[in-house]
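*Asks:* You'll find model.cif just under this line, and it carries mmCIF, N, CA and C atoms.
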```cif
data_target
#
loop_
_atom_site.label_atom_id
_atom_site.label_comp_id
_atom_site.auth_asym_id
_atom_site.auth_seq_id
_atom_site.Cartn_x
_atom_site.Cartn_y
_atom_site.Cartn_z
N MET A 4 99.64 43.69 182.99
CA MET A 4 98.28 43.29 183.33
C MET A 4 98.11 43.47 184.83
N ASN A 5 97.04 44.13 185.23
CA ASN A 5 96.84 44.29 186.68
C ASN A 5 95.77 43.31 187.19
N TRP A 6 95.78 43.13 188.48
CA TRP A 6 94.90 42.12 189.07
C TRP A 6 93.43 42.47 188.93
N ASP A 7 93.10 43.75 188.89
CA ASP A 7 91.69 44.14 188.72
C ASP A 7 91.13 43.57 187.42
N ARG A 8 91.95 43.55 186.37
CA ARG A 8 91.51 42.98 185.09
C ARG A 8 91.31 41.49 185.21
N ILE A 9 92.21 40.82 185.93
CA ILE A 9 92.07 39.37 186.14
C ILE A 9 90.76 39.09 186.85
N GLN A 10 90.53 39.82 187.92
CA GLN A 10 89.32 39.60 188.71
C GLN A 10 88.07 39.87 187.88
N GLY A 11 88.08 40.92 187.11
CA GLY A 11 86.92 41.27 186.29
C GLY A 11 86.67 40.31 185.14
N LYS A 12 87.71 39.65 184.68
CA LYS A 12 87.60 38.74 183.53
C LYS A 12 87.86 37.30 183.93
N TRP A 13 87.61 36.95 185.18
CA TRP A 13 87.97 35.64 185.70
C TRP A 13 87.44 34.50 184.82
N LYS A 14 86.19 34.57 184.42
CA LYS A 14 85.62 33.48 183.62
C LYS A 14 86.34 33.31 182.29
N GLN A 15 86.83 34.42 181.73
CA GLN A 15 87.54 34.33 180.47
C GLN A 15 88.98 33.84 180.65
N ILE A 16 89.58 34.10 181.79
CA ILE A 16 90.99 33.80 181.99
C ILE A 16 91.22 32.46 182.69
N VAL A 17 90.17 31.84 183.15
CA VAL A 17 90.31 30.60 183.92
C VAL A 17 91.04 29.51 183.13
N GLY A 18 90.88 29.50 181.82
CA GLY A 18 91.59 28.52 180.99
C GLY A 18 93.10 28.70 181.06
N ALA A 19 93.54 29.94 181.10
CA ALA A 19 94.98 30.22 181.22
C ALA A 19 95.50 29.79 182.59
N VAL A 20 94.66 29.94 183.61
CA VAL A 20 95.05 29.51 184.96
C VAL A 20 95.18 27.99 184.98
N LYS A 21 94.21 27.30 184.38
CA LYS A 21 94.26 25.84 184.32
C LYS A 21 95.48 25.36 183.54
N ALA A 22 95.82 26.07 182.46
CA ALA A 22 96.98 25.69 181.66
C ALA A 22 98.26 25.84 182.46
N ARG A 23 98.34 26.87 183.28
CA ARG A 23 99.55 27.13 184.05
C ARG A 23 99.65 26.23 185.29
N TRP A 24 98.53 26.05 186.00
CA TRP A 24 98.50 25.25 187.22
C TRP A 24 97.46 24.14 187.06
N GLY A 25 97.84 23.10 186.35
CA GLY A 25 96.92 22.02 186.01
C GLY A 25 96.40 21.21 187.19
N GLN A 26 97.05 21.30 188.33
CA GLN A 26 96.58 20.55 189.50
C GLN A 26 95.42 21.23 190.21
N LEU A 27 95.10 22.46 189.83
CA LEU A 27 93.94 23.13 190.41
C LEU A 27 92.67 22.52 189.83
N THR A 28 91.74 22.21 190.69
CA THR A 28 90.48 21.59 190.26
C THR A 28 89.46 22.67 189.88
N ASP A 29 88.38 22.24 189.25
CA ASP A 29 87.30 23.18 188.94
C ASP A 29 86.74 23.79 190.22
N ASP A 30 86.65 22.96 191.27
CA ASP A 30 86.18 23.49 192.56
C ASP A 30 87.13 24.57 193.08
N ASP A 31 88.44 24.32 192.97
CA ASP A 31 89.42 25.32 193.37
C ASP A 31 89.18 26.62 192.62
N LEU A 32 89.01 26.51 191.31
CA LEU A 32 88.84 27.70 190.48
C LEU A 32 87.56 28.45 190.82
N ASN A 33 86.53 27.72 191.19
CA ASN A 33 85.28 28.37 191.62
C ASN A 33 85.47 29.11 192.94
N VAL A 34 86.20 28.51 193.85
CA VAL A 34 86.47 29.15 195.15
C VAL A 34 87.37 30.37 194.96
N ILE A 35 88.36 30.24 194.11
CA ILE A 35 89.29 31.35 193.85
C ILE A 35 88.54 32.55 193.31
N ALA A 36 87.69 32.32 192.32
CA ALA A 36 86.81 33.35 191.75
C ALA A 36 87.50 34.69 191.53
N GLY A 37 88.75 34.64 191.07
CA GLY A 37 89.46 35.86 190.75
C GLY A 37 90.18 36.52 191.91
N LYS A 38 90.12 35.91 193.08
CA LYS A 38 90.78 36.51 194.26
C LYS A 38 92.24 36.06 194.32
N ARG A 39 93.13 37.01 194.30
CA ARG A 39 94.56 36.75 194.26
C ARG A 39 95.03 35.91 195.44
N ASP A 40 94.61 36.28 196.65
CA ASP A 40 95.05 35.54 197.84
C ASP A 40 94.57 34.10 197.82
N GLN A 41 93.37 33.88 197.28
CA GLN A 41 92.84 32.52 197.16
C GLN A 41 93.65 31.71 196.15
N LEU A 42 94.01 32.33 195.04
CA LEU A 42 94.82 31.65 194.03
C LEU A 42 96.17 31.25 194.63
N ILE A 43 96.81 32.16 195.30
CA ILE A 43 98.10 31.87 195.91
C ILE A 43 97.97 30.74 196.93
N GLY A 44 96.94 30.79 197.76
CA GLY A 44 96.73 29.75 198.76
C GLY A 44 96.47 28.38 198.15
N ARG A 45 95.67 28.34 197.10
CA ARG A 45 95.37 27.05 196.46
C ARG A 45 96.59 26.49 195.75
N ILE A 46 97.40 27.34 195.14
CA ILE A 46 98.64 26.88 194.50
C ILE A 46 99.56 26.30 195.57
N GLN A 47 99.64 27.00 196.67
CA GLN A 47 100.46 26.54 197.80
C GLN A 47 100.04 25.14 198.24
N GLU A 48 98.74 24.95 198.42
CA GLU A 48 98.21 23.66 198.87
C GLU A 48 98.43 22.56 197.85
N ARG A 49 98.05 22.79 196.61
CA ARG A 49 98.10 21.75 195.59
C ARG A 49 99.52 21.35 195.22
N TYR A 50 100.43 22.31 195.27
CA TYR A 50 101.80 22.03 194.83
C TYR A 50 102.77 21.85 195.99
N GLY A 51 102.30 22.06 197.22
CA GLY A 51 103.15 21.88 198.38
C GLY A 51 104.35 22.81 198.40
N ILE A 52 104.11 24.06 198.05
CA ILE A 52 105.20 25.03 198.01
C ILE A 52 104.95 26.15 199.03
N ALA A 53 105.99 26.90 199.30
CA ALA A 53 105.89 28.02 200.25
C ALA A 53 105.07 29.15 199.64
N LYS A 54 104.51 29.97 200.52
CA LYS A 54 103.70 31.10 200.07
C LYS A 54 104.52 32.03 199.18
N ASP A 55 105.78 32.29 199.54
CA ASP A 55 106.62 33.17 198.74
C ASP A 55 106.78 32.64 197.32
N GLU A 56 106.96 31.33 197.18
CA GLU A 56 107.12 30.72 195.86
C GLU A 56 105.82 30.81 195.07
N ALA A 57 104.69 30.58 195.71
CA ALA A 57 103.39 30.69 195.04
C ALA A 57 103.17 32.13 194.57
N GLN A 58 103.51 33.09 195.41
CA GLN A 58 103.38 34.49 195.02
C GLN A 58 104.27 34.82 193.83
N ARG A 59 105.50 34.30 193.85
CA ARG A 59 106.43 34.54 192.75
C ARG A 59 105.87 33.97 191.44
N GLN A 60 105.32 32.76 191.51
CA GLN A 60 104.74 32.15 190.31
C GLN A 60 103.58 32.98 189.76
N VAL A 61 102.73 33.46 190.66
CA VAL A 61 101.58 34.26 190.23
C VAL A 61 102.07 35.57 189.61
N GLU A 62 103.07 36.19 190.20
CA GLU A 62 103.62 37.44 189.64
C GLU A 62 104.19 37.23 188.24
N LEU A 63 104.95 36.15 188.06
CA LEU A 63 105.52 35.86 186.76
C LEU A 63 104.43 35.58 185.72
N TRP A 64 103.42 34.82 186.13
CA TRP A 64 102.30 34.53 185.24
C TRP A 64 101.56 35.81 184.86
N LEU A 65 101.31 36.64 185.85
CA LEU A 65 100.61 37.90 185.62
C LEU A 65 101.38 38.78 184.64
N ALA A 66 102.70 38.85 184.81
CA ALA A 66 103.53 39.65 183.93
C ALA A 66 103.54 39.11 182.50
N SER A 67 103.30 37.82 182.35
CA SER A 67 103.34 37.21 181.03
C SER A 67 102.03 37.38 180.26
N LEU A 68 100.97 37.73 180.93
CA LEU A 68 99.66 37.87 180.27
C LEU A 68 99.62 39.14 179.43
N ARG A 69 98.92 39.02 178.33
CA ARG A 69 98.72 40.16 177.44
C ARG A 69 97.23 40.27 177.16
N ASP A 70 96.82 41.40 176.62
CA ASP A 70 95.41 41.59 176.28
C ASP A 70 94.92 40.52 175.31
N GLU A 71 95.81 40.02 174.44
CA GLU A 71 95.41 38.99 173.49
C GLU A 71 94.96 37.72 174.21
N ASP A 72 95.57 37.46 175.37
CA ASP A 72 95.18 36.27 176.13
C ASP A 72 93.72 36.36 176.54
N PHE A 73 93.29 37.56 176.95
CA PHE A 73 91.90 37.74 177.33
C PHE A 73 91.00 37.58 176.12
N ALA A 74 91.40 38.15 175.00
CA ALA A 74 90.60 38.05 173.79
C ALA A 74 90.48 36.60 173.34
N ARG A 75 91.58 35.85 173.39
CA ARG A 75 91.58 34.45 172.97
C ARG A 75 90.67 33.63 173.87
N GLU A 76 90.78 33.83 175.19
CA GLU A 76 89.94 33.09 176.13
C GLU A 76 88.46 33.42 175.93
N ALA A 77 88.15 34.70 175.72
CA ALA A 77 86.76 35.11 175.52
C ALA A 77 86.21 34.50 174.24
N ASP A 78 87.01 34.48 173.17
CA ASP A 78 86.60 33.90 171.90
C ASP A 78 86.31 32.41 172.06
N THR A 79 87.18 31.70 172.76
CA THR A 79 87.00 30.26 172.99
C THR A 79 85.72 30.01 173.77
N GLU A 80 85.49 30.81 174.81
CA GLU A 80 84.29 30.64 175.62
C GLU A 80 83.03 30.91 174.81
N GLN A 81 83.05 31.94 173.95
CA GLN A 81 81.89 32.24 173.13
C GLN A 81 81.58 31.09 172.17
N LYS A 82 82.63 30.50 171.58
CA LYS A 82 82.42 29.38 170.67
C LYS A 82 81.84 28.18 171.41
N GLU A 83 82.35 27.91 172.62
CA GLU A 83 81.83 26.79 173.40
C GLU A 83 80.37 27.02 173.77
N ASN A 84 80.03 28.25 174.16
CA ASN A 84 78.65 28.56 174.51
C ASN A 84 77.73 28.42 173.30
N ALA A 85 78.21 28.85 172.13
CA ALA A 85 77.41 28.72 170.91
C ALA A 85 77.19 27.25 170.57
N ASN A 86 78.22 26.44 170.71
CA ASN A 86 78.08 25.00 170.45
C ASN A 86 77.11 24.36 171.43
N ASP A 87 77.18 24.75 172.70
CA ASP A 87 76.25 24.22 173.70
C ASP A 87 74.81 24.59 173.35
N SER A 88 74.60 25.83 172.92
CA SER A 88 73.26 26.29 172.57
C SER A 88 72.71 25.52 171.37
N MET A 89 73.55 25.29 170.36
CA MET A 89 73.12 24.53 169.19
C MET A 89 72.76 23.11 169.58
N PHE A 90 73.56 22.50 170.44
CA PHE A 90 73.30 21.14 170.88
C PHE A 90 71.98 21.07 171.63
N GLU A 91 71.73 22.06 172.49
CA GLU A 91 70.47 22.07 173.25
C GLU A 91 69.27 22.21 172.33
N ARG A 92 69.39 23.04 171.30
CA ARG A 92 68.28 23.22 170.36
C ARG A 92 68.01 21.94 169.57
N LYS A 93 69.09 21.26 169.16
CA LYS A 93 68.93 20.02 168.41
C LYS A 93 68.33 18.92 169.27
N ALA A 94 68.67 18.92 170.55
CA ALA A 94 68.18 17.88 171.46
C ALA A 94 66.70 18.06 171.77
N SER A 95 66.20 19.29 171.61
CA SER A 95 64.78 19.56 171.94
C SER A 95 63.84 19.00 170.93
#
```
Since I need it in another form, could you write the structure as structure tokens?
*Replies:*
Amino acid sequence: MNWDRIQGKWKQIVGAVKARWGQLTDDDLNVIAGKRDQLIGRIQERYGIAKDEAQRQVELWLASLRDEDFAREADTEQKENANDSMFERKAS
């Protein structure tokens, strides 16, 4: 998996990022917005680790991702959006 795909699919992959680095906040994820250097920096800050270690973690995570991960995240997001839309219609 290359970083261009991560950046292009950030909204779909954010759940996998949260699962891997649970100490990252929603604000962190919004600031990161798919930028590799921002992700490394925020991991460094939240976990109190060296930049080299944060980079190593990101590389290992990136290597572990497969296309199915993107498909699963996109499917989950679509279901959540559909549920939100149904709730809004019922509330009207």
*Asks:* Could you tell me, as a list in words, exactly which residues end up selected when the PyMOL selection byres (((chain A and resi 33-42 and name CA) around 9) and name CA) is applied to this structure?
*Replies:*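 Listing what the PyMOL selection byres (((chain A and resi 33-42 and name CA) around 9) and name CA) selects in the shown file: Trp6, Asp7, Ile9, Gln10, Gly11, Lys12, Trp13, Lys14, Val17, Thr28, Asp29, Asp30, Asp31, Leu32, Ile43, Gly44, Arg45, Ile46, Gln47, Ala57, Gln58 and Val61 of chain A.
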*Asks:* Compare A:Gln26, A:Gln15, A:Lys21, A:Asn5 by their minimum atom-to-atom distance to Glu48 of chain A, counting only C-alpha atoms, and give me the closest one.
*Replies:* A:Gln26
*Asks:* Identify which of the residues A:Glu62, A:Leu68, A:Trp24, A:Gly18 lies closest to Arg49 of chain A, counting only C-alpha atoms when measuring atom-to-atom distances.
*Replies:*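 When distances to Arg49 of chain A are compared using only C-alpha atoms, the smallest one comes from A:Trp24.
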*Asks:* Draw an axis-aligned box tight on the listed atoms of segment 42-55 of chain A, then pad every side by 3 Å and write out centre and edge lengths in Å to one decimal as lines of an AutoDock Vina configuration file.
*Replies:*
```
center_x = 100.4
center_y = 27.3
center_z = 197.3
size_x = 18.8
size_y = 17.8
size_z = 12.5
```
*Asks:* Do you have the atom CA of Ser67 of chain A-atom CA of Ala19 of chain A distance handy?
*Replies:*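 Taking atom CA of Ser67 of chain A and atom CA of Ala19 of chain A, their separation equals 10.9 Å.
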